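> Structure: target_5.cif, mmCIF, C-alpha atoms.
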data_start
loop_
_atom_site.label_atom_id
_atom_site.label_comp_id
_atom_site.auth_asym_id
_atom_site.auth_seq_id
_atom_site.Cartn_x
_atom_site.Cartn_y
_atom_site.Cartn_z
CA MET A 837 -95.32 -97.87 -57.40
CA PRO A 838 -94.13 -97.28 -60.97
CA ALA A 839 -94.32 -100.23 -63.30
CA ASN A 840 -91.09 -102.10 -64.03
CA ARG A 841 -89.37 -100.76 -67.11
CA THR A 842 -87.73 -103.11 -69.56
CA MET A 843 -85.00 -102.15 -72.08
CA THR A 844 -84.17 -103.74 -75.36
CA ALA A 845 -80.60 -104.75 -76.18
CA SER A 846 -80.19 -101.77 -78.49
CA GLN A 847 -81.45 -99.40 -75.79
CA MET A 848 -79.01 -100.94 -73.31
CA ARG A 849 -76.08 -100.42 -75.72
CA ALA A 850 -77.14 -96.81 -76.32
CA ALA A 851 -77.36 -96.15 -72.56
CA LYS A 852 -73.91 -97.60 -71.99
CA ALA A 853 -72.44 -95.52 -74.78
CA GLU A 854 -74.05 -92.38 -73.37
CA LEU A 855 -72.66 -93.16 -69.89
CA ALA A 856 -69.15 -93.75 -71.29
CA GLU A 857 -69.31 -90.46 -73.18
CA THR A 858 -70.40 -88.63 -70.02
CA ARG A 859 -67.52 -90.12 -68.03
CA ALA A 860 -65.00 -89.23 -70.74
CA SER A 861 -66.28 -85.66 -70.75
CA GLN A 862 -65.95 -85.48 -66.97
CA ARG A 863 -62.35 -86.75 -67.13
CA GLN A 864 -61.54 -84.12 -69.72
CA ILE A 865 -63.09 -81.41 -67.55
CA ASN A 866 -61.01 -82.62 -64.56
CA LYS A 867 -57.82 -82.50 -66.63
CA ILE A 868 -58.59 -78.93 -67.74
CA ARG A 869 -59.24 -77.90 -64.12
CA ALA A 870 -55.99 -79.55 -62.93
CA ALA A 871 -54.01 -77.84 -65.70
CA LYS A 872 -55.50 -74.46 -64.77
CA LYS A 873 -54.72 -75.04 -61.10
CA GLU A 874 -51.14 -76.05 -61.94
CA GLU A 875 -50.68 -72.97 -64.12
CA GLN A 876 -52.08 -70.77 -61.35
CA GLU A 877 -49.74 -72.29 -58.75
CA ARG A 878 -46.78 -71.92 -61.10
CA GLU A 879 -47.61 -68.27 -61.67
CA GLU A 880 -47.92 -67.70 -57.89
CA LEU A 881 -44.56 -69.36 -57.39
CA GLU A 882 -42.84 -67.25 -60.04
CA ASN A 883 -44.35 -64.08 -58.54
CA HIS A 884 -43.10 -65.15 -55.12
CA LEU A 885 -39.61 -65.73 -56.48
CA ARG A 886 -39.58 -62.29 -58.08
CA GLU A 887 -40.59 -60.76 -54.73
CA VAL A 888 -37.78 -62.63 -52.98
CA ARG A 889 -35.21 -61.46 -55.53
CA ARG A 890 -36.34 -57.83 -55.34
CA ALA A 891 -36.28 -57.90 -51.54
CA MET A 892 -32.83 -59.45 -51.38
CA TYR A 893 -31.38 -57.18 -54.05
CA ALA A 894 -32.65 -54.21 -52.06
CA VAL A 895 -31.06 -55.52 -48.87
CA THR A 896 -27.72 -56.27 -50.51
CA ASN A 897 -27.53 -53.34 -52.91
CA SER A 898 -24.61 -51.94 -50.94
CA ASN A 899 -22.68 -55.15 -51.62
CA ARG A 900 -22.29 -54.94 -55.37
CA GLY A 901 -20.71 -58.35 -55.82
CA THR A 902 -23.58 -60.14 -54.13
CA ALA A 903 -26.27 -57.99 -55.69
CA TYR A 904 -25.12 -58.36 -59.27
CA ARG A 905 -23.25 -61.66 -59.36
CA SER A 906 -25.17 -63.90 -56.97
CA ARG A 907 -28.55 -65.45 -57.46
CA ILE A 908 -31.25 -66.09 -54.86
CA VAL A 909 -32.71 -69.54 -54.38
CA GLU A 910 -36.14 -69.99 -52.83
CA ASP A 911 -35.96 -73.45 -51.26
CA THR A 912 -39.20 -73.50 -49.26
CA MET A 913 -41.48 -73.40 -52.29
CA ARG A 914 -45.10 -73.98 -51.44
CA MET A 915 -45.63 -76.15 -54.51
CA ALA A 916 -43.23 -78.86 -53.31
CA GLY A 917 -44.24 -82.22 -54.68
CA LYS A 918 -47.34 -80.98 -56.53
CA THR A 919 -46.36 -80.17 -60.10
CA GLY A 920 -42.65 -80.87 -60.37
CA THR A 921 -42.02 -77.14 -60.70
CA THR A 922 -40.18 -76.99 -57.39
CA ASP A 923 -37.70 -79.72 -58.26
CA ASP A 924 -37.15 -78.30 -61.75
CA LEU A 925 -36.43 -74.80 -60.44
CA ARG A 926 -34.29 -75.99 -57.55
CA ASP A 927 -32.28 -78.26 -59.86
CA SER A 928 -31.68 -75.37 -62.24
CA TRP A 929 -30.49 -73.11 -59.40
CA PHE A 930 -28.25 -75.71 -57.71
CA ALA A 931 -26.99 -77.47 -60.85
CA GLY A 932 -23.42 -78.57 -60.18
CA TYR A 933 -23.59 -77.71 -56.47
CA ASP A 934 -22.57 -80.86 -54.58
CA ASP A 935 -22.42 -80.85 -50.78
CA ASP A 936 -18.78 -79.76 -50.84
CA ARG A 937 -19.86 -76.50 -52.55
CA LEU A 938 -22.58 -75.71 -50.02
CA MET A 939 -21.92 -73.86 -46.78
CA VAL A 940 -23.73 -74.75 -43.59
CA VAL A 941 -23.67 -72.62 -40.45
CA TRP A 942 -23.94 -73.19 -36.70
CA VAL A 943 -24.89 -70.37 -34.38
CA GLY A 944 -23.17 -70.68 -31.01
CA ARG A 945 -22.67 -68.22 -28.19
CA ASP A 946 -19.74 -65.83 -27.92
CA ASP A 947 -19.84 -64.19 -24.48
CA ASN A 948 -23.67 -64.18 -24.51
CA LYS A 949 -23.79 -62.98 -28.13
CA PRO A 950 -24.28 -65.26 -31.13
CA ALA A 951 -21.28 -66.33 -33.19
CA LEU A 952 -21.62 -67.77 -36.68
CA MET A 953 -19.53 -70.87 -37.47
CA VAL A 954 -19.32 -71.76 -41.17
CA LEU A 955 -18.46 -75.21 -42.56
CA ARG A 956 -18.69 -77.06 -45.84
CA GLY A 957 -21.97 -78.85 -46.43
CA ASP A 958 -20.34 -82.29 -46.35
CA HIS A 959 -18.58 -81.63 -43.02
CA THR A 960 -19.84 -81.69 -39.43
CA LEU A 961 -19.00 -79.45 -36.49
CA ASN A 962 -16.64 -80.79 -33.83
CA ASP A 963 -17.94 -79.46 -30.52
CA ILE A 964 -14.61 -79.88 -28.71
CA LYS A 965 -12.72 -77.87 -31.34
CA ALA A 966 -15.36 -75.15 -31.25
CA GLU A 967 -15.21 -74.91 -27.45
CA ALA A 968 -11.42 -74.46 -27.63
CA ILE A 969 -11.83 -71.14 -29.50
CA ASP A 970 -11.42 -68.07 -27.29
CA GLY A 971 -14.76 -66.52 -26.43
CA ILE A 972 -16.94 -69.47 -27.40
CA ALA A 973 -19.09 -70.65 -24.51
CA THR A 974 -18.01 -73.87 -22.81
CA PRO A 975 -19.87 -76.19 -22.91
CA LEU A 976 -20.90 -75.26 -26.43
CA GLN A 977 -24.34 -73.65 -26.46
CA PHE A 978 -26.42 -73.05 -29.56
CA ALA A 979 -28.47 -69.90 -29.84
CA GLU A 980 -32.25 -70.05 -29.50
CA GLU A 981 -34.40 -69.23 -32.54
CA ASP A 982 -35.60 -65.89 -31.15
CA VAL A 983 -31.96 -64.77 -30.67
CA ILE A 984 -31.12 -65.95 -34.20
CA ARG A 985 -34.00 -64.00 -35.72
CA GLU A 986 -33.04 -60.90 -33.74
CA HIS A 987 -29.55 -60.86 -35.28
CA PHE A 988 -30.19 -62.38 -38.72
CA GLY A 989 -33.80 -61.55 -39.58
CA ALA A 990 -34.31 -65.20 -40.58
CA GLY A 991 -34.63 -68.59 -38.97
CA PRO A 992 -32.39 -71.68 -39.00
CA GLY A 993 -31.96 -73.18 -42.44
CA SER A 994 -31.52 -69.88 -44.27
CA LEU A 995 -28.53 -68.32 -42.47
CA GLY A 996 -25.23 -67.19 -43.94
CA PRO A 997 -22.31 -64.77 -43.53
CA VAL A 998 -23.60 -62.02 -45.88
CA ASN A 999 -24.29 -58.65 -44.23
CA VAL A 1000 -24.10 -59.87 -40.63
CA ASN A 1001 -22.81 -57.80 -37.73
CA ILE A 1002 -21.63 -60.62 -35.47
CA ARG A 1003 -18.49 -62.71 -35.06
CA VAL A 1004 -17.97 -65.12 -37.99
CA ILE A 1005 -15.62 -68.10 -37.68
CA ALA A 1006 -15.11 -70.29 -40.76
CA ASP A 1007 -13.47 -73.67 -41.06
CA TYR A 1008 -10.17 -73.88 -42.93
CA ALA A 1009 -11.87 -76.06 -45.56
CA VAL A 1010 -13.86 -73.04 -46.85
CA GLN A 1011 -10.97 -70.56 -46.66
CA ASN A 1012 -10.17 -70.80 -50.36
CA ALA A 1013 -13.59 -72.02 -51.51
CA ALA A 1014 -15.12 -70.23 -54.50
CA ASP A 1015 -18.63 -69.87 -55.91
CA MET A 1016 -20.32 -71.49 -52.93
CA ALA A 1017 -24.02 -71.59 -51.98
CA VAL A 1018 -24.90 -69.96 -48.63
CA GLY A 1019 -27.98 -68.89 -46.72
CA ALA A 1020 -29.22 -65.42 -47.64
CA ASN A 1021 -30.52 -64.49 -44.13
CA TYR A 1022 -34.02 -64.38 -45.57
CA ASP A 1023 -36.40 -67.24 -44.77
CA GLY A 1024 -36.23 -69.89 -47.46
CA ALA A 1025 -33.60 -68.10 -49.58
CA HIS A 1026 -29.96 -68.79 -50.50
CA PHE A 1027 -27.19 -67.06 -52.40
CA VAL A 1028 -25.11 -68.98 -54.93
CA ASN A 1029 -21.72 -68.02 -56.41
CA PHE A 1030 -20.66 -66.72 -52.98
CA ASN A 1031 -17.02 -65.71 -52.44
CA TRP A 1032 -15.19 -64.40 -49.37
CA GLY A 1033 -13.93 -60.84 -49.67
CA ARG A 1034 -16.33 -59.95 -52.46
CA ASP A 1035 -19.65 -60.94 -50.91
CA ALA A 1036 -18.71 -60.93 -47.22
CA VAL A 1037 -15.82 -59.73 -45.09
CA GLU A 1038 -13.03 -62.29 -44.60
CA PRO A 1039 -13.85 -64.09 -41.31
CA GLU A 1040 -11.67 -65.71 -38.67
CA PHE A 1041 -10.51 -69.13 -39.82
CA ALA A 1042 -10.12 -72.10 -37.46
CA ASP A 1043 -10.21 -75.88 -37.39
CA LEU A 1044 -13.91 -76.56 -36.68
CA ARG A 1045 -14.82 -79.84 -38.30
CA ASN A 1046 -14.64 -83.55 -37.67
CA VAL A 1047 -12.13 -85.38 -39.80
CA VAL A 1048 -13.31 -87.56 -42.66
CA ALA A 1049 -11.76 -90.56 -44.39
CA GLY A 1050 -8.99 -89.44 -46.72
CA ASP A 1051 -7.92 -86.40 -44.69
CA PRO A 1052 -4.12 -86.27 -44.21
CA SER A 1053 -2.79 -87.66 -40.95
CA PRO A 1054 0.13 -86.01 -39.07
CA ASP A 1055 2.60 -88.10 -41.08
CA GLY A 1056 0.92 -87.18 -44.37
CA SER A 1057 -0.75 -90.50 -45.10
CA PRO A 1058 -4.53 -90.56 -45.64
CA LEU A 1059 -6.73 -91.25 -42.64
CA SER A 1060 -8.98 -94.29 -42.47
CA ILE A 1061 -11.99 -94.22 -40.15
CA LEU A 1062 -12.64 -97.56 -38.50
CA ARG A 1063 -15.14 -98.72 -35.92
CA GLY A 1064 -13.84 -99.01 -32.37
CA ILE A 1065 -15.21 -100.47 -29.16
CA GLU A 1066 -14.64 -98.69 -25.86
CA VAL A 1067 -13.92 -101.12 -23.01
CA GLY A 1068 -12.36 -98.77 -20.47
CA HIS A 1069 -11.74 -95.19 -19.43
CA VAL A 1070 -8.89 -93.03 -18.24
CA PHE A 1071 -10.06 -90.16 -16.02
CA GLN A 1072 -7.94 -87.04 -15.56
CA LEU A 1073 -8.98 -85.88 -12.09
CA GLY A 1074 -6.58 -82.96 -11.78
CA ASP A 1075 -6.22 -81.71 -8.20
CA LYS A 1076 -9.94 -81.81 -7.36
CA TYR A 1077 -9.71 -84.68 -4.88
CA SER A 1078 -6.13 -84.16 -3.73
CA THR A 1079 -7.04 -80.58 -2.74
CA ALA A 1080 -10.22 -81.73 -0.97
CA LEU A 1081 -8.20 -84.32 0.97
CA ASP A 1082 -5.44 -81.80 1.71
CA LEU A 1083 -3.02 -84.25 0.10
CA THR A 1084 0.51 -83.07 -0.58
CA VAL A 1085 3.80 -84.66 -1.60
CA LEU A 1086 7.34 -83.38 -1.59
CA ASP A 1087 8.84 -82.43 -4.94
CA GLU A 1088 12.51 -82.72 -5.93
CA ASN A 1089 13.24 -79.53 -3.97
CA GLY A 1090 11.59 -80.80 -0.81
CA LYS A 1091 8.62 -78.45 -1.26
CA ALA A 1092 5.10 -79.67 -0.52
CA VAL A 1093 2.92 -79.67 -3.67
CA THR A 1094 -0.59 -80.86 -4.44
CA PRO A 1095 -0.37 -83.81 -6.85
CA GLN A 1096 -2.42 -84.27 -9.99
CA MET A 1097 -4.56 -87.38 -9.86
CA GLY A 1098 -5.93 -89.80 -12.41
CA CYS A 1099 -7.51 -93.21 -12.54
CA TYR A 1100 -8.53 -95.83 -15.05
CA GLY A 1101 -11.01 -98.63 -15.13
CA PHE A 1102 -12.21 -101.46 -17.32
CA GLY A 1103 -15.91 -102.27 -17.60
CA VAL A 1104 -16.57 -105.98 -17.20
CA SER A 1105 -19.90 -105.71 -19.00
CA ARG A 1106 -18.22 -103.68 -21.77
CA ILE A 1107 -15.63 -106.43 -22.29
CA VAL A 1108 -18.42 -109.01 -22.58
CA ALA A 1109 -20.31 -106.87 -25.09
CA ALA A 1110 -17.16 -106.16 -27.11
CA ALA A 1111 -16.25 -109.85 -27.26
CA ILE A 1112 -19.71 -110.77 -28.51
CA GLU A 1113 -19.60 -108.03 -31.16
CA GLN A 1114 -16.31 -109.43 -32.44
CA CYS A 1115 -17.00 -113.16 -32.02
CA TYR A 1116 -20.31 -114.40 -33.39
CA ASP A 1117 -21.91 -116.08 -36.38
CA ASP A 1118 -25.43 -116.84 -37.59
CA ALA A 1119 -25.89 -119.53 -34.93
CA GLY A 1120 -24.90 -117.36 -31.96
CA ILE A 1121 -21.91 -116.36 -29.85
CA CYS A 1122 -18.41 -117.81 -30.43
CA TRP A 1123 -16.73 -117.20 -27.08
CA PRO A 1124 -12.91 -117.19 -26.85
CA SER A 1125 -12.00 -119.96 -24.41
CA ALA A 1126 -10.37 -117.50 -21.98
CA ILE A 1127 -13.65 -115.73 -21.19
CA ALA A 1128 -16.26 -118.35 -22.10
CA PRO A 1129 -18.79 -119.10 -19.31
CA PHE A 1130 -18.09 -122.81 -19.98
CA GLU A 1131 -15.20 -124.31 -21.91
CA LEU A 1132 -16.97 -127.60 -22.66
CA VAL A 1133 -20.52 -128.92 -22.86
CA ILE A 1134 -21.40 -132.61 -22.62
CA ILE A 1135 -24.55 -133.58 -24.54
CA PRO A 1136 -26.10 -137.05 -23.99
CA ILE A 1137 -28.21 -138.85 -26.57
CA LYS A 1138 -31.28 -140.63 -25.11
CA ALA A 1139 -29.92 -140.55 -21.58
CA ASP A 1140 -33.45 -141.14 -20.27
CA LYS A 1141 -33.44 -144.58 -21.92
CA SER A 1142 -29.79 -145.60 -21.46
CA ALA A 1143 -28.14 -146.09 -18.08
CA ALA A 1144 -24.80 -146.52 -19.86
CA VAL A 1145 -25.06 -143.07 -21.42
CA ARG A 1146 -25.96 -141.47 -18.07
CA GLU A 1147 -23.11 -143.17 -16.25
CA ALA A 1148 -20.58 -142.26 -18.97
CA CYS A 1149 -21.67 -138.59 -18.97
CA GLU A 1150 -21.55 -138.29 -15.18
CA LYS A 1151 -18.11 -139.93 -15.05
CA LEU A 1152 -16.73 -137.64 -17.77
CA TYR A 1153 -18.34 -134.60 -16.11
CA GLY A 1154 -16.72 -135.43 -12.76
CA GLU A 1155 -13.28 -135.94 -14.31
CA CYS A 1156 -13.51 -132.55 -16.03
CA ARG A 1157 -14.52 -130.83 -12.80
CA GLU A 1158 -11.62 -132.43 -10.90
CA ALA A 1159 -9.21 -131.23 -13.60
CA GLY A 1160 -10.47 -127.64 -13.26
CA ILE A 1161 -12.25 -127.55 -16.62
CA ASP A 1162 -15.36 -125.34 -16.75
CA VAL A 1163 -17.84 -127.91 -18.02
CA ALA A 1164 -21.62 -127.94 -18.48
CA TYR A 1165 -23.69 -131.16 -18.61
CA ASP A 1166 -26.96 -130.75 -20.52
CA ASP A 1167 -29.24 -133.16 -18.65
CA ARG A 1168 -32.52 -131.48 -19.66
CA GLY A 1169 -33.64 -134.55 -21.61
CA LEU A 1170 -34.34 -132.62 -24.85
CA ARG A 1171 -33.94 -133.93 -28.36
CA PRO A 1172 -30.40 -133.54 -29.81
CA GLY A 1173 -31.32 -130.68 -32.20
CA PRO A 1174 -32.44 -128.19 -29.52
CA MET A 1175 -29.46 -129.07 -27.30
CA PHE A 1176 -27.01 -128.52 -30.18
CA ALA A 1177 -28.69 -125.22 -31.10
CA ASP A 1178 -28.60 -123.93 -27.51
CA ALA A 1179 -24.91 -124.84 -27.13
CA GLU A 1180 -24.08 -122.88 -30.30
CA LEU A 1181 -26.27 -119.95 -29.27
CA ILE A 1182 -24.56 -119.69 -25.87
CA GLY A 1183 -21.22 -120.03 -27.66
CA ILE A 1184 -19.51 -122.79 -25.66
CA PRO A 1185 -16.16 -123.39 -27.43
CA HIS A 1186 -16.15 -127.22 -27.27
CA ARG A 1187 -18.88 -129.87 -27.46
CA VAL A 1188 -18.83 -133.64 -27.01
CA VAL A 1189 -21.74 -136.00 -27.62
CA VAL A 1190 -22.12 -139.25 -25.68
CA SER A 1191 -24.27 -142.00 -27.20
CA ASP A 1192 -24.72 -145.76 -26.97
CA ARG A 1193 -23.18 -146.12 -30.42
CA GLY A 1194 -20.12 -144.10 -29.37
CA ILE A 1195 -19.73 -146.08 -26.14
CA GLU A 1196 -19.78 -149.34 -28.09
CA ALA A 1197 -17.21 -147.93 -30.59
CA GLY A 1198 -15.09 -146.38 -27.82
CA THR A 1199 -15.39 -142.86 -29.30
CA LEU A 1200 -16.73 -139.42 -28.45
CA GLU A 1201 -18.24 -137.13 -31.09
CA TYR A 1202 -16.37 -133.80 -30.85
CA LYS A 1203 -17.11 -130.44 -32.45
CA GLY A 1204 -15.41 -127.08 -31.88
CA ARG A 1205 -17.71 -124.05 -31.96
CA ARG A 1206 -16.19 -122.79 -35.21
CA ASP A 1207 -15.72 -126.23 -36.80
CA SER A 1208 -17.82 -127.03 -39.84
CA GLU A 1209 -17.79 -130.81 -39.27
CA ASN A 1210 -17.88 -133.23 -36.34
CA SER A 1211 -14.92 -135.49 -35.60
CA GLN A 1212 -14.40 -138.68 -33.59
CA ILE A 1213 -11.92 -138.91 -30.72
CA GLU A 1214 -11.04 -141.70 -28.30
CA PHE A 1215 -13.57 -142.11 -25.47
CA SER A 1216 -11.23 -141.12 -22.64
CA PHE A 1217 -10.71 -138.09 -20.48
CA GLU A 1218 -7.04 -137.83 -21.48
CA ALA A 1219 -7.89 -137.74 -25.20
CA LEU A 1220 -10.53 -135.09 -24.52
CA ARG A 1221 -8.10 -132.96 -22.47
CA GLN A 1222 -5.55 -133.06 -25.31
CA LYS A 1223 -8.25 -131.97 -27.77
CA LEU A 1224 -9.22 -129.05 -25.55
CA ALA A 1225 -5.57 -128.02 -25.22
CA GLN A 1226 -5.31 -127.81 -29.04
CA GLY A 1227 -7.93 -125.08 -28.96
#
Would you mind writing the file's structure down as structure tokens?

Amino acid sequence: MPANRTMTASQMRAAKAELAETRASQRQINKIRAAKKEEQEREELENHLREVRRAMYAVTNSNRGTAYRSRIVEDTMRMAGKTGTTDDLRDSWFAGYDDDRLMVVWVGRDDNKPALMVLRGDHTLNDIKAEAIDGIATPLQFAEEDVIREHFGAGPGSLGPVNVNIRVIADYAVQNAADMAVGANYDGAHFVNFNWGRDAVEPEFADLRNVVAGDPSPDGSPLSILRGIEVGHVFQLGDKYSTALDLTVLDENGKAVTPQMGCYGFGVSRIVAAAIEQCYDDAGICWPSAIAPFELVIIPIKADKSAAVREACEKLYGECREAGIDVAYDDRGLRPGPMFADAELIGIPHRVVVSDRGIEAGTLEYKGRRDSENSQIEFSFEALRQKLAQG
């Protein structure tokens, strides 16, 4: 084995300095390599963009407005997130183009052929409105990708109304839009500064979109969109069942006709869910008295040690039952805290506490589910019934 080698302090300092210099040199080499790689990727990207522009200009040369006044945007750049080049270029192309100046398209079926539906980028398609258009398949069906590529030469995400030979239906919101951004029907490419009539034939216009807050209502006032809860249904049955049952009635002329049928229903579980969504706080449910599982809960304090408390609770419980009050008696023998918490979680509207101290003072401790503080009432069933009647 080689003999152990010792180093003086000066030798140790020299070795450390040499190691630091080597590491610094390696970091510099890595930076140079990264810069070269970034420059190479940037050059590849710029070459790719030039190829896209040449290809699209060739395709659209017959449409002079698009060819000479629109620009192509390559939005599937392979350098995304690597050097910042992608974001810089995309920002420069789409500068000033908010969602309301972008066009998005949906490809549905028109008698087994695709139909292009065009909307503003900040709007969404309303399926029911689309299905109401003559020729559009009902229920609404969206074209498969192979069908899209057959008619557009590109996949979803890069489609638009330029140089297409299919039915185009545009929403009224884009009828007078100018200088929009649209798909170029070339994978990963878009046109900007698009205008109807110059860059594409004027399409059919129809109401295609869902309304948004601020749209005018039928009376001219702005719409507000609020959250609703569905608790029931109305079903328009038509003559499906009346025809099957051979059901007829006489009209005003004495002629037998098949009646139109309908029905409605309320969902019990939906009503429960809707009430909870509307009536709750951090502690739990706050049931309205009309639909609460119990109107009142009686909570004893140390009933296991006090016969007086047990007797008072059972007497009050029996009086409430005889009076038709939906009452619960918590006789689980838990500490007061858990019993209070469970009563609030369940959401029982009224709570009374029976204790030795209250019995001696002739009072009940009362608290409504939404009350912030407890109160004292006379220890009698009549006083309690009056309190419950006050809500």
> I need the residue nearest Met953 in chain A from this list: A:Ser994, A:Asn1012, A:Glu1040, A:Phe1030. Use all atoms listed in the file for the distance.
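Ranking A:Ser994, A:Asn1012, A:Glu1040, A:Phe1030 by distance to Met953 in chain A, first place goes to A:Glu1040.
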> Kindly resolve the PyMOL selection byres ((chain A and resi 1022) around 7) on the present coordinates and return the residues as a list in words.
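The output of the PyMOL selection byres ((chain A and resi 1022) around 7) on this file is Gly989, Ala990, Ser994, Ala1020, Asn1021, Asp1023, Gly1024 and Ala1025 of chain A.
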> Report as a PyMOL selection string the full result of the PyMOL selection byres ((chain A and resi 1117-1128) around 10) when it is applied to this structure.
chain A and resi 1107-1108+1111-1116+1129-1132+1162+1177-1186+1204-1206+1224+1227
> Selection in question (the file shown): the PyMOL selection byres ((chain A and resi 1043) around 7). Which residues does it include, as JSON, numbers by chain?
{"A": [965, 1007, 1008, 1042, 1044, 1045]}
> Quick one: of A:Ala860, A:Val1085, A:Ile1134, A:Tyr1100, who's nearest to Val1070 in chain A, counting only C-alpha atoms?
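The answer is A:Tyr1100, which sits nearest to Val1070 in chain A.
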> Between CA of Ala851 in chain A and CA of Arg863 in chain A, what is the distance in Å, rounded to a tenth?
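One can read the CA of Ala851 in chain A to CA of Arg863 in chain A distance as 18.5 Å.
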> Between A:Ala1110, A:Val1190, A:Val954, A:Cys1099, which has the minimum distance to Ala1009 in chain A (counting all atoms listed in the file)?
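Result for the nearest residue to Ala1009 in chain A: A:Val954.
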> For Gly1198 in chain A, which of A:Asn1210, A:Asn1089, A:Ser1216, A:Ser1105 is the closest residue, counting only C-alpha atoms?
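Checking each of A:Asn1210, A:Asn1089, A:Ser1216, A:Ser1105 against Gly1198 in chain A, counting only C-alpha atoms, the winner is A:Ser1216.
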> Can you measure CA of Val1018 in chain A to CA of Thr974 in chain A for me? One decimal in Å is fine.
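The value is 27.0 Å.
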> Hey, can you check how far CA of Gln862 in chain A sits from CA of Glu880 in chain A?
26.9 Å
> Measuring between all atoms listed in the file, which one of A:Glu875, A:Leu1073, A:Val1010, A:Phe988 shows the shortest distance to Asp958 in chain A?
A:Val1010
> Which residue gives the smallest distance to Ser1142 in chain A among A:Pro1054, A:Gly1169, A:Pro1095, A:Gly1154, with only C-alpha atoms counted?
A:Gly1169
> Excluding Ile1213 in chain A and its own-chain neighbours fewer than 6 positions away, which residues fall within 12 Å of it when counting all atoms listed in the file? Please give them as JSON, numbers by chain.
{"A": [1187, 1188, 1189, 1190, 1194, 1195, 1197, 1198, 1199, 1200, 1201, 1202, 1203, 1219, 1220, 1221, 1222, 1223, 1224]}
> Write out as a ChimeraX atom specification each polymer residue whose atoms come within 8 Å of Glu1155 in chain A, counting only C-alpha atoms; drop sequence neighbours fewer than 4 positions from it.
/A:1151,1159,1217
> Put the listed atoms of range 862-875 of chain A in a box along x, y and z with 6 Å added on every side and give me the centre and edge lengths in Å to one decimal, as AutoDock Vina command-line options.

--center_x -58.3 --center_y -79.9 --center_z -65.4 --size_x 27.3 --size_y 25.8 --size_z 20.6
